[in-house]
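Peer 1: Below is the file input11.cif, with mmCIF, C-alpha atoms.
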data_final
loop_
_atom_site.label_atom_id
_atom_site.label_comp_id
_atom_site.auth_asym_id
_atom_site.auth_seq_id
_atom_site.Cartn_x
_atom_site.Cartn_y
_atom_site.Cartn_z
CA MET S 1 114.51 51.57 156.09
CA LEU S 2 111.42 52.64 154.18
CA ILE S 3 109.38 50.23 152.04
CA ALA S 4 106.27 51.64 150.40
CA GLY S 5 104.16 49.14 148.48
CA PHE S 6 100.83 49.14 146.68
CA PRO S 7 98.86 46.75 144.39
CA ALA S 8 98.50 48.10 140.88
CA GLY S 9 96.39 47.49 137.82
CA ALA S 10 94.12 44.76 136.57
CA TRP S 11 96.17 42.00 138.20
CA GLY S 12 96.82 43.67 141.56
CA THR S 13 100.57 43.38 141.15
CA ASN S 14 102.56 44.62 144.13
CA CYS S 15 104.92 47.48 143.29
CA TYR S 16 107.49 48.45 145.94
CA LEU S 17 109.64 51.53 146.54
CA VAL S 18 112.61 50.87 148.82
CA ALA S 19 114.81 53.53 150.41
CA PRO S 20 117.09 53.92 153.45
CA ALA S 21 114.62 56.54 154.76
CA ALA S 22 112.19 59.22 153.62
CA GLY S 23 113.80 62.02 151.64
CA GLU S 24 116.51 59.80 150.13
CA GLU S 25 117.20 57.83 146.96
CA CYS S 26 115.09 54.75 146.25
CA VAL S 27 114.76 51.64 144.12
CA ILE S 28 111.45 50.77 142.43
CA ILE S 29 110.54 47.09 142.17
CA ASP S 30 108.06 45.82 139.54
CA PRO S 31 106.15 48.87 138.29
CA GLY S 32 103.42 46.94 136.51
CA HIS S 33 100.09 47.68 134.86
CA GLN S 34 98.82 51.18 135.74
CA ALA S 35 101.54 51.61 138.39
CA ALA S 36 103.03 54.90 137.18
CA GLU S 37 100.55 57.13 139.02
CA GLY S 38 101.00 55.18 142.27
CA VAL S 39 104.77 55.41 141.92
CA GLU S 40 104.63 59.18 141.50
CA GLU S 41 102.30 59.54 144.48
CA ALA S 42 104.65 57.50 146.69
CA LEU S 43 107.67 59.47 145.50
CA ARG S 44 105.98 62.74 146.42
CA LYS S 45 104.66 61.48 149.74
CA HIS S 46 108.04 60.20 150.92
CA ARG S 47 110.20 62.75 149.02
CA LEU S 48 112.14 60.03 147.23
CA LYS S 49 114.45 60.13 144.22
CA PRO S 50 114.55 56.94 142.10
CA VAL S 51 117.91 55.62 140.94
CA ALA S 52 116.79 52.33 139.33
CA VAL S 53 113.92 50.02 138.50
CA VAL S 54 114.52 46.32 139.22
CA LEU S 55 112.27 43.56 137.89
CA THR S 56 111.56 40.12 139.32
CA HIS S 57 110.48 38.87 135.88
CA GLY S 58 109.19 40.03 132.53
CA HIS S 59 105.43 39.39 132.57
CA ILE S 60 103.42 42.43 131.52
CA ASP S 61 101.69 42.72 134.90
CA HIS S 62 105.14 43.44 136.42
CA VAL S 63 106.74 45.57 133.67
CA ALA S 64 103.94 47.52 131.97
CA SER S 65 104.95 50.86 133.53
CA VAL S 66 108.72 50.44 133.17
CA VAL S 67 109.03 52.71 130.13
CA PRO S 68 107.12 55.70 131.57
CA VAL S 69 108.66 55.37 135.04
CA CYS S 70 112.24 55.03 133.77
CA GLY S 71 111.67 57.79 131.21
CA ALA S 72 110.24 60.23 133.74
CA HIS S 73 113.26 59.85 136.04
CA ASP S 74 116.05 58.93 133.57
CA VAL S 75 116.92 55.69 135.39
CA PRO S 76 117.85 52.22 134.12
CA ALA S 77 115.83 49.03 134.41
CA TRP S 78 117.40 45.78 135.57
CA ILE S 79 116.03 42.43 134.29
CA HIS S 80 117.32 38.89 133.76
CA PRO S 81 118.40 38.36 130.11
CA GLU S 82 116.04 35.39 129.62
CA ASP S 83 113.03 37.63 130.31
CA ARG S 84 114.23 40.76 128.55
CA PHE S 85 112.30 40.04 125.33
CA MET S 86 109.01 40.23 127.26
CA MET S 87 109.23 44.00 127.61
CA SER S 88 108.95 44.38 123.84
CA ASP S 89 106.79 41.33 123.07
CA PRO S 90 104.44 40.67 126.01
CA GLU S 91 102.01 38.55 124.01
CA LYS S 92 104.75 36.08 123.02
CA ALA S 93 105.54 35.69 126.72
CA LEU S 94 101.93 34.69 127.40
CA GLY S 95 101.39 32.50 124.37
CA ARG S 96 98.19 34.40 123.57
CA SER S 97 96.80 37.89 123.06
CA ILE S 98 96.12 39.77 126.28
CA GLY S 99 93.36 41.76 124.57
CA MET S 100 93.33 44.82 122.36
CA PRO S 101 91.60 47.17 124.84
CA LEU S 102 94.22 46.43 127.47
CA MET S 103 97.10 46.56 125.00
CA GLY S 104 95.95 50.03 124.00
CA GLU S 105 96.75 51.27 127.52
CA LEU S 106 100.32 49.94 127.54
CA THR S 107 103.63 51.42 126.43
CA VAL S 108 105.37 48.33 125.10
CA GLY S 109 109.14 48.33 124.66
CA GLU S 110 112.38 48.88 126.54
CA PRO S 111 113.45 51.99 128.43
CA ASP S 112 116.52 53.84 127.18
CA GLU S 113 118.88 51.89 129.46
CA VAL S 114 118.52 48.21 130.36
CA LYS S 115 120.96 46.31 132.57
CA GLU S 116 120.97 42.54 132.93
CA LEU S 117 120.79 40.63 136.20
CA THR S 118 122.86 37.54 136.96
CA ASP S 119 122.51 34.85 139.58
CA GLY S 120 124.45 35.69 142.74
CA ALA S 121 124.93 39.35 141.83
CA ARG S 122 124.93 41.96 144.59
CA LEU S 123 123.40 45.25 143.57
CA GLU S 124 124.32 48.35 145.54
CA LEU S 125 121.65 50.90 144.73
CA ALA S 126 120.40 53.93 146.69
CA GLY S 127 122.65 53.00 149.61
CA LEU S 128 121.01 49.56 149.82
CA GLU S 129 122.21 46.05 149.01
CA PHE S 130 120.15 43.52 147.06
CA SER S 131 121.30 39.93 146.55
CA VAL S 132 120.00 38.45 143.30
CA ALA S 133 119.00 34.79 142.95
CA HIS S 134 117.94 33.32 139.62
CA ALA S 135 114.72 31.40 140.39
CA PRO S 136 113.17 29.98 137.20
CA GLY S 137 109.88 28.14 137.11
CA HIS S 138 107.31 30.90 136.77
CA THR S 139 109.40 32.26 133.86
CA LYS S 140 112.85 31.34 132.60
CA GLY S 141 114.28 34.62 133.85
CA SER S 142 112.53 34.97 137.20
CA VAL S 143 114.72 36.33 139.99
CA THR S 144 114.36 37.24 143.64
CA PHE S 145 115.96 40.07 145.62
CA GLN S 146 117.05 39.68 149.24
CA MET S 147 118.12 42.48 151.56
CA PRO S 148 120.33 41.62 154.53
CA GLU S 149 119.21 41.59 158.13
CA THR S 150 120.16 44.60 160.24
CA ALA S 151 120.02 45.38 163.94
CA GLU S 152 116.68 47.12 163.37
CA ILE S 153 114.89 44.84 160.89
CA PRO S 154 114.94 41.21 159.72
CA SER S 155 116.00 40.26 156.21
CA VAL S 156 113.51 41.23 153.48
CA PHE S 157 112.91 38.92 150.51
CA PHE S 158 111.21 40.17 147.35
CA SER S 159 109.98 36.90 145.92
CA GLY S 160 108.21 38.08 142.77
CA ASP S 161 105.92 35.29 141.57
CA LEU S 162 108.07 32.49 142.98
CA LEU S 163 106.46 32.37 146.43
CA PHE S 164 103.16 33.78 147.70
CA ALA S 165 101.44 33.58 151.06
CA GLY S 166 100.03 30.05 150.93
CA SER S 167 100.93 29.34 147.31
CA ILE S 168 103.40 29.70 144.45
CA GLY S 169 103.41 31.22 140.97
CA ARG S 170 101.66 29.56 138.04
CA THR S 171 103.74 27.47 135.66
CA ASP S 172 101.37 26.95 132.72
CA LEU S 173 102.55 29.88 130.58
CA PRO S 174 105.46 29.77 128.08
CA GLY S 175 108.74 29.34 129.93
CA GLY S 176 107.03 28.00 133.03
CA SER S 177 108.04 24.69 134.59
CA HIS S 178 106.61 23.02 137.67
CA ALA S 179 109.81 21.04 138.20
CA GLU S 180 111.93 24.20 137.95
CA ILE S 181 109.78 26.19 140.35
CA LEU S 182 110.01 23.39 142.93
CA ASP S 183 113.80 23.38 142.49
CA SER S 184 113.88 27.16 142.93
CA LEU S 185 111.79 26.91 146.10
CA ALA S 186 114.20 24.34 147.51
CA ARG S 187 117.36 26.17 146.45
CA VAL S 188 116.35 29.80 147.07
CA CYS S 189 113.64 29.80 149.76
CA LEU S 190 114.31 26.87 152.07
CA PRO S 191 117.75 28.13 153.24
CA LEU S 192 116.31 31.46 154.39
CA ASP S 193 115.77 32.18 158.09
CA ASP S 194 112.24 31.84 159.42
CA SER S 195 112.25 35.53 160.38
CA THR S 196 112.77 36.62 156.74
CA VAL S 197 109.94 38.90 155.62
CA VAL S 198 108.50 37.86 152.25
CA LEU S 199 107.12 40.60 149.99
CA SER S 200 105.69 38.87 146.96
CA GLY S 201 104.41 39.91 143.56
CA HIS S 202 100.78 39.41 144.56
CA GLY S 203 98.93 39.16 147.84
CA PRO S 204 99.84 39.91 151.45
CA GLN S 205 103.14 40.00 153.31
CA THR S 206 104.28 36.79 154.98
CA THR S 207 107.44 35.23 156.44
CA ILE S 208 109.53 32.24 155.51
CA GLY S 209 108.65 30.66 158.86
CA GLN S 210 104.93 31.02 158.17
CA GLU S 211 105.30 29.54 154.70
CA ARG S 212 107.57 26.74 155.92
CA ALA S 213 104.82 25.76 158.36
CA THR S 214 101.72 26.23 156.19
CA ASN S 215 102.54 26.50 152.47
CA PRO S 216 101.86 23.07 150.92
CA TYR S 217 104.53 23.52 148.26
CA LEU S 218 107.29 24.59 150.63
CA ARG S 219 106.34 21.87 153.12
CA GLU S 220 106.49 19.11 150.54
CA VAL S 221 109.69 20.44 148.97
CA ALA S 222 111.22 20.48 152.45
CA SER S 223 110.14 16.87 152.96
CA GLY S 224 111.74 15.90 149.66
CA GLN S 225 108.49 14.62 148.21
CA GLY S 226 107.59 17.39 145.77
CA ALA S 227 104.20 19.11 145.70
CA HIS S 228 101.07 17.33 144.54
CA VAL S 229 98.55 20.19 144.60
CA LYS S 230 97.93 22.90 142.05
CA ALA S 231 98.47 26.58 142.84
CA PRO S 232 95.56 28.98 142.42
CA ARG S 233 96.34 31.45 139.65
CA ARG S 234 97.61 34.88 140.65
CA GLY S 235 98.72 37.55 138.23
CA MET S 236 99.78 36.42 134.78
#
Spell out the structure here as structure tokens.
Peer 2:
Amino acid sequence: MLIAGFPAGAWGTNCYLVAPAAGEECVIIDPGHQAAEGVEEALRKHRLKPVAVVLTHGHIDHVASVVPVCGAHDVPAWIHPEDRFMMSDPEKALGRSIGMPLMGELTVGEPDEVKELTDGARLELAGLEFSVAHAPGHTKGSVTFQMPETAEIPSVFFSGDLLFAGSIGRTDLPGGSHAEILDSLARVCLPLDDSTVVLSGHGPQTTIGQERATNPYLREVASGQGAHVKAPRRGM
């Protein structure tokens, strides 16, 4: 399997292209602010053909390049219905203006085709399987995508802004909830095998085992006590 990732834009949001191998179809995950050029470069480098864009949530730092990327390749975007409005109204999602100079660089709106994600869905795209888990807390419509373990590689977990290396997503924006994100960590992350590779929305790669041992939020959720420290802000 091929996973090509790069941090994009003002918030360093990780965008991923996932394919069975070079020269095949691929899925694009979270093409955010200023990601379109990086996407095209990765497509050329690995000779990939996109079939879909899938989104972990609707914040502008994860969806800002959805319209140009989907339009350039005539592919649909998948998003949870509770976050769909954010593609057309990013400032409402943040509860404030994100700034006129930045807004001037963005193509706000929906691509021609939008499909909605549901909890427990299994997407079969580009010859790959993605299991969808609804994981609110960072936003109401946050989701994660898990790919199954194979003989060659461990399971891969695209956590969006639910789980980072050493931290979790912020919960102080509209639709955020500290209680909900702790519940999502317990329900979605704790059952995963320690070998599961975590590719998050911001920051470096990690594993569930590493986070179970060192992440203060996951440790306290596992102990049943809840977390009593505040996450440093990453992304939106």
Peer 1: If we draw a sphere of 8 Å around (97.6, 41.8, 135.7), which residues have at least one atom in it when counting only C-alpha atoms? Please report them as a PyMOL selection string.
Peer 2: chain S and resi 9-13+32-33+60-62+235-236
Peer 1: Compile a residue-level contact table for segment 114-137 of chain S against segment 67-88 of chain S at a cut-off of 7 Å, reporting for every qualifying residue the shortest atom pair and its distance in Å to one decimal, with all atoms listed in the file counted, rows ordered by chain and ascending number, as a tab-separated table.
Peer 2:
residue	atom	partner	partner_atom	distance
S:Val114	CA	S:Ala77	CA	4.9
S:Lys115	CA	S:Trp78	CA	4.7
S:Glu116	CA	S:Ile79	CA	5.1
S:Leu117	CA	S:His80	CA	4.6
S:Thr118	CA	S:His80	CA	6.5
Peer 1: Have a look at S:Cys189, S:Ala179, S:Leu17, S:Val198 and name the one nearest to Gly38 of chain S; count only C-alpha atoms.
Peer 2: S:Leu17
Peer 1: Expand the PyMOL selection byres ((chain S and resi 153) around 12) into the explicit residue set it covers here, and present it as a ChimeraX atom specification.
Peer 2: /S:1-3,20,147-152,154-156,195-197
Peer 1: Nearest to Leu185 of chain S among S:His59, S:His46, S:Lys92, S:His134, with distances taken over all atoms listed in the file: which residue is it?
Peer 2: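 Residue with the minimum atom-to-atom distance to Leu185 of chain S: S:His134.
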Peer 1: Edge lengths and centre in Å to one decimal, as lines of an AutoDock Vina configuration file, of the axis-aligned box that encloses all listed atoms of segment 205-220 of chain S with 5 Å added on every side?
Peer 2:
center_x = 105.6
center_y = 29.6
center_z = 153.6
size_x = 17.8
size_y = 30.9
size_z = 20.6
Peer 1: What does the distance from atom CA of Pro31 of chain S to atom CA of Arg170 of chain S come to in Å, to one decimal?
Peer 2: 19.8 Å
Peer 1: Could you check which of S:Ala135, S:Val18, S:Ala64, S:Gly169 is closest to Leu48 of chain S, using all atoms listed in the file?
Peer 2: S:Val18
Peer 1: With all atoms listed in the file as the basis for distance, which of S:Gly58, S:Pro216, S:Pro111, S:Gly141 is at the shortest distance from Leu182 of chain S?
Peer 2: S:Pro216
Peer 1: Check the smallest atom-to-atom distance from each of S:Pro90, S:Gly23, S:Gly5, S:Pro136 to Phe158 of chain S using all atoms listed in the file, then report the winner.
Peer 2: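 Counting all atoms listed in the file, the residue closest to Phe158 of chain S is S:Gly5.
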Peer 1: Would you kindly translate the PyMOL selection byres ((chain S and resi 126) around 7) into the concrete residues it picks from this file, as a PyMOL selection string?
Peer 2: chain S and resi 19+25-27+51+124-125+127-128
Peer 1: Starting from the shown file, work through the PyMOL selection byres ((chain S and resi 121) around 9) and note down what comes out as a list in words.
Peer 2: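 Evaluating the PyMOL selection byres ((chain S and resi 121) around 9) on these coordinates yields Leu117, Thr118, Asp119, Gly120, Arg122, Leu123, Phe130, Ser131, Val132 and Ala133 of chain S.
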Peer 1: So what do you get for atom CA of Asp193 of chain S versus atom CA of Thr207 of chain S, distance-wise?
Peer 2: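 Result for atom CA of Asp193 of chain S versus atom CA of Thr207 of chain S: 9.0 Å, one decimal.
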Peer 1: Just the number, please: distance in Å from atom CA of Ile29 of chain S to atom CA of Ala4 of chain S, one decimal.
Peer 2: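 Answer for the atom CA of Ile29 of chain S to atom CA of Ala4 of chain S separation: 10.3 Å.
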Peer 1: Leaving out segment 200-206 of chain S and any residue of its chain fewer than 6 positions from it, which residues lie within 6 Å of it when counting all atoms listed in the file, given as a PyMOL selection string?
Peer 2: chain S and resi 13-14+158-161+164-165
Peer 1: Using all atoms listed in the file, can you tell me which of S:Ala21, S:Val54, S:Leu94, S:Ala8 comes closest to Leu173 of chain S?
Peer 2: S:Leu94
Peer 1: Any chance you could build segment 56-67 of chain S out to all heavy atoms and write it as a PDB file, keeping the file's coordinate frame?
Peer 2:
ATOM      1  N   THR S  56     111.465  41.530 138.926  1.00  0.00           N
ATOM      2  CA  THR S  56     111.560  40.120 139.320  1.00  0.00           C
ATOM      3  C   THR S  56     111.378  39.195 138.131  1.00  0.00           C
ATOM      4  O   THR S  56     111.886  38.068 138.139  1.00  0.00           O
ATOM      5  CB  THR S  56     110.525  39.764 140.395  1.00  0.00           C
ATOM      6  OG1 THR S  56     109.197  39.987 139.874  1.00  0.00           O
ATOM      7  CG2 THR S  56     110.738  40.588 141.657  1.00  0.00           C
ATOM      8  N   HIS S  57     110.627  39.634 137.122  1.00  0.00           N
ATOM      9  CA  HIS S  57     110.480  38.870 135.880  1.00  0.00           C
ATOM     10  C   HIS S  57     109.806  39.751 134.843  1.00  0.00           C
ATOM     11  O   HIS S  57     109.501  40.918 135.124  1.00  0.00           O
ATOM     12  CB  HIS S  57     109.725  37.555 136.098  1.00  0.00           C
ATOM     13  CG  HIS S  57     108.316  37.693 136.564  1.00  0.00           C
ATOM     14  ND1 HIS S  57     107.976  38.091 137.841  1.00  0.00           N
ATOM     15  CD2 HIS S  57     107.124  37.483 135.928  1.00  0.00           C
ATOM     16  CE1 HIS S  57     106.667  38.098 137.974  1.00  0.00           C
ATOM     17  NE2 HIS S  57     106.130  37.750 136.831  1.00  0.00           N
ATOM     18  N   GLY S  58     109.588  39.193 133.643  1.00  0.00           N
ATOM     19  CA  GLY S  58     109.190  40.030 132.530  1.00  0.00           C
ATOM     20  C   GLY S  58     107.723  40.051 132.173  1.00  0.00           C
ATOM     21  O   GLY S  58     107.352  40.698 131.188  1.00  0.00           O
ATOM     22  N   HIS S  59     106.845  39.371 132.915  1.00  0.00           N
ATOM     23  CA  HIS S  59     105.430  39.390 132.570  1.00  0.00           C
ATOM     24  C   HIS S  59     104.875  40.811 132.611  1.00  0.00           C
ATOM     25  O   HIS S  59     105.269  41.620 133.449  1.00  0.00           O
ATOM     26  CB  HIS S  59     104.638  38.497 133.519  1.00  0.00           C
ATOM     27  CG  HIS S  59     104.713  37.039 133.170  1.00  0.00           C
ATOM     28  ND1 HIS S  59     104.401  36.047 134.062  1.00  0.00           N
ATOM     29  CD2 HIS S  59     105.049  36.399 132.014  1.00  0.00           C
ATOM     30  CE1 HIS S  59     104.562  34.863 133.485  1.00  0.00           C
ATOM     31  NE2 HIS S  59     104.956  35.056 132.247  1.00  0.00           N
ATOM     32  N   ILE S  60     103.917  41.072 131.719  1.00  0.00           N
ATOM     33  CA  ILE S  60     103.420  42.430 131.520  1.00  0.00           C
ATOM     34  C   ILE S  60     102.816  43.022 132.790  1.00  0.00           C
ATOM     35  O   ILE S  60     102.860  44.241 132.998  1.00  0.00           O
ATOM     36  CB  ILE S  60     102.394  42.449 130.363  1.00  0.00           C
ATOM     37  CG1 ILE S  60     102.114  43.866 129.890  1.00  0.00           C
ATOM     38  CG2 ILE S  60     101.109  41.722 130.759  1.00  0.00           C
ATOM     39  CD1 ILE S  60     103.293  44.546 129.227  1.00  0.00           C
ATOM     40  N   ASP S  61     102.279  42.176 133.682  1.00  0.00           N
ATOM     41  CA  ASP S  61     101.690  42.720 134.900  1.00  0.00           C
ATOM     42  C   ASP S  61     102.742  43.232 135.867  1.00  0.00           C
ATOM     43  O   ASP S  61     102.420  43.901 136.843  1.00  0.00           O
ATOM     44  CB  ASP S  61     100.761  41.706 135.586  1.00  0.00           C
ATOM     45  CG  ASP S  61     101.449  40.424 135.996  1.00  0.00           C
ATOM     46  OD1 ASP S  61     102.355  39.960 135.267  1.00  0.00           O
ATOM     47  OD2 ASP S  61     101.073  39.843 137.044  1.00  0.00           O
ATOM     48  N   HIS S  62     104.039  42.950 135.582  1.00  0.00           N
ATOM     49  CA  HIS S  62     105.140  43.440 136.420  1.00  0.00           C
ATOM     50  C   HIS S  62     105.983  44.518 135.724  1.00  0.00           C
ATOM     51  O   HIS S  62     106.749  45.199 136.400  1.00  0.00           O
ATOM     52  CB  HIS S  62     106.042  42.280 136.843  1.00  0.00           C
ATOM     53  CG  HIS S  62     105.406  41.364 137.834  1.00  0.00           C
ATOM     54  ND1 HIS S  62     105.786  41.312 139.160  1.00  0.00           N
ATOM     55  CD2 HIS S  62     104.390  40.482 137.702  1.00  0.00           C
ATOM     56  CE1 HIS S  62     105.037  40.420 139.798  1.00  0.00           C
ATOM     57  NE2 HIS S  62     104.181  39.908 138.928  1.00  0.00           N
ATOM     58  N   VAL S  63     105.850  44.654 134.396  1.00  0.00           N
ATOM     59  CA  VAL S  63     106.740  45.570 133.670  1.00  0.00           C
ATOM     60  C   VAL S  63     106.007  46.632 132.852  1.00  0.00           C
ATOM     61  O   VAL S  63     106.655  47.449 132.194  1.00  0.00           O
ATOM     62  CB  VAL S  63     107.707  44.789 132.743  1.00  0.00           C
ATOM     63  CG1 VAL S  63     108.437  43.704 133.509  1.00  0.00           C
ATOM     64  CG2 VAL S  63     106.976  44.192 131.538  1.00  0.00           C
ATOM     65  N   ALA S  64     104.685  46.653 132.893  1.00  0.00           N
ATOM     66  CA  ALA S  64     103.940  47.520 131.970  1.00  0.00           C
ATOM     67  C   ALA S  64     104.252  49.003 132.125  1.00  0.00           C
ATOM     68  O   ALA S  64     104.110  49.769 131.173  1.00  0.00           O
ATOM     69  CB  ALA S  64     102.432  47.288 132.151  1.00  0.00           C
ATOM     70  N   SER S  65     104.658  49.433 133.322  1.00  0.00           N
ATOM     71  CA  SER S  65     104.950  50.860 133.530  1.00  0.00           C
ATOM     72  C   SER S  65     106.449  51.165 133.566  1.00  0.00           C
ATOM     73  O   SER S  65     106.847  52.272 133.945  1.00  0.00           O
ATOM     74  CB  SER S  65     104.304  51.335 134.841  1.00  0.00           C
ATOM     75  OG  SER S  65     102.895  51.268 134.761  1.00  0.00           O
ATOM     76  N   VAL S  66     107.268  50.223 133.135  1.00  0.00           N
ATOM     77  CA  VAL S  66     108.720  50.440 133.170  1.00  0.00           C
ATOM     78  C   VAL S  66     109.124  51.618 132.281  1.00  0.00           C
ATOM     79  O   VAL S  66     109.905  52.484 132.688  1.00  0.00           O
ATOM     80  CB  VAL S  66     109.484  49.171 132.762  1.00  0.00           C
ATOM     81  CG1 VAL S  66     110.964  49.474 132.541  1.00  0.00           C
ATOM     82  CG2 VAL S  66     109.337  48.095 133.825  1.00  0.00           C
ATOM     83  N   VAL S  67     108.621  51.653 131.054  1.00  0.00           N
ATOM     84  CA  VAL S  67     109.030  52.710 130.130  1.00  0.00           C
ATOM     85  C   VAL S  67     108.663  54.100 130.659  1.00  0.00           C
ATOM     86  O   VAL S  67     109.525  54.987 130.724  1.00  0.00           O
ATOM     87  CB  VAL S  67     108.458  52.462 128.719  1.00  0.00           C
ATOM     88  CG1 VAL S  67     108.662  53.678 127.821  1.00  0.00           C
ATOM     89  CG2 VAL S  67     109.115  51.235 128.097  1.00  0.00           C
TER      90      VAL S  67
END
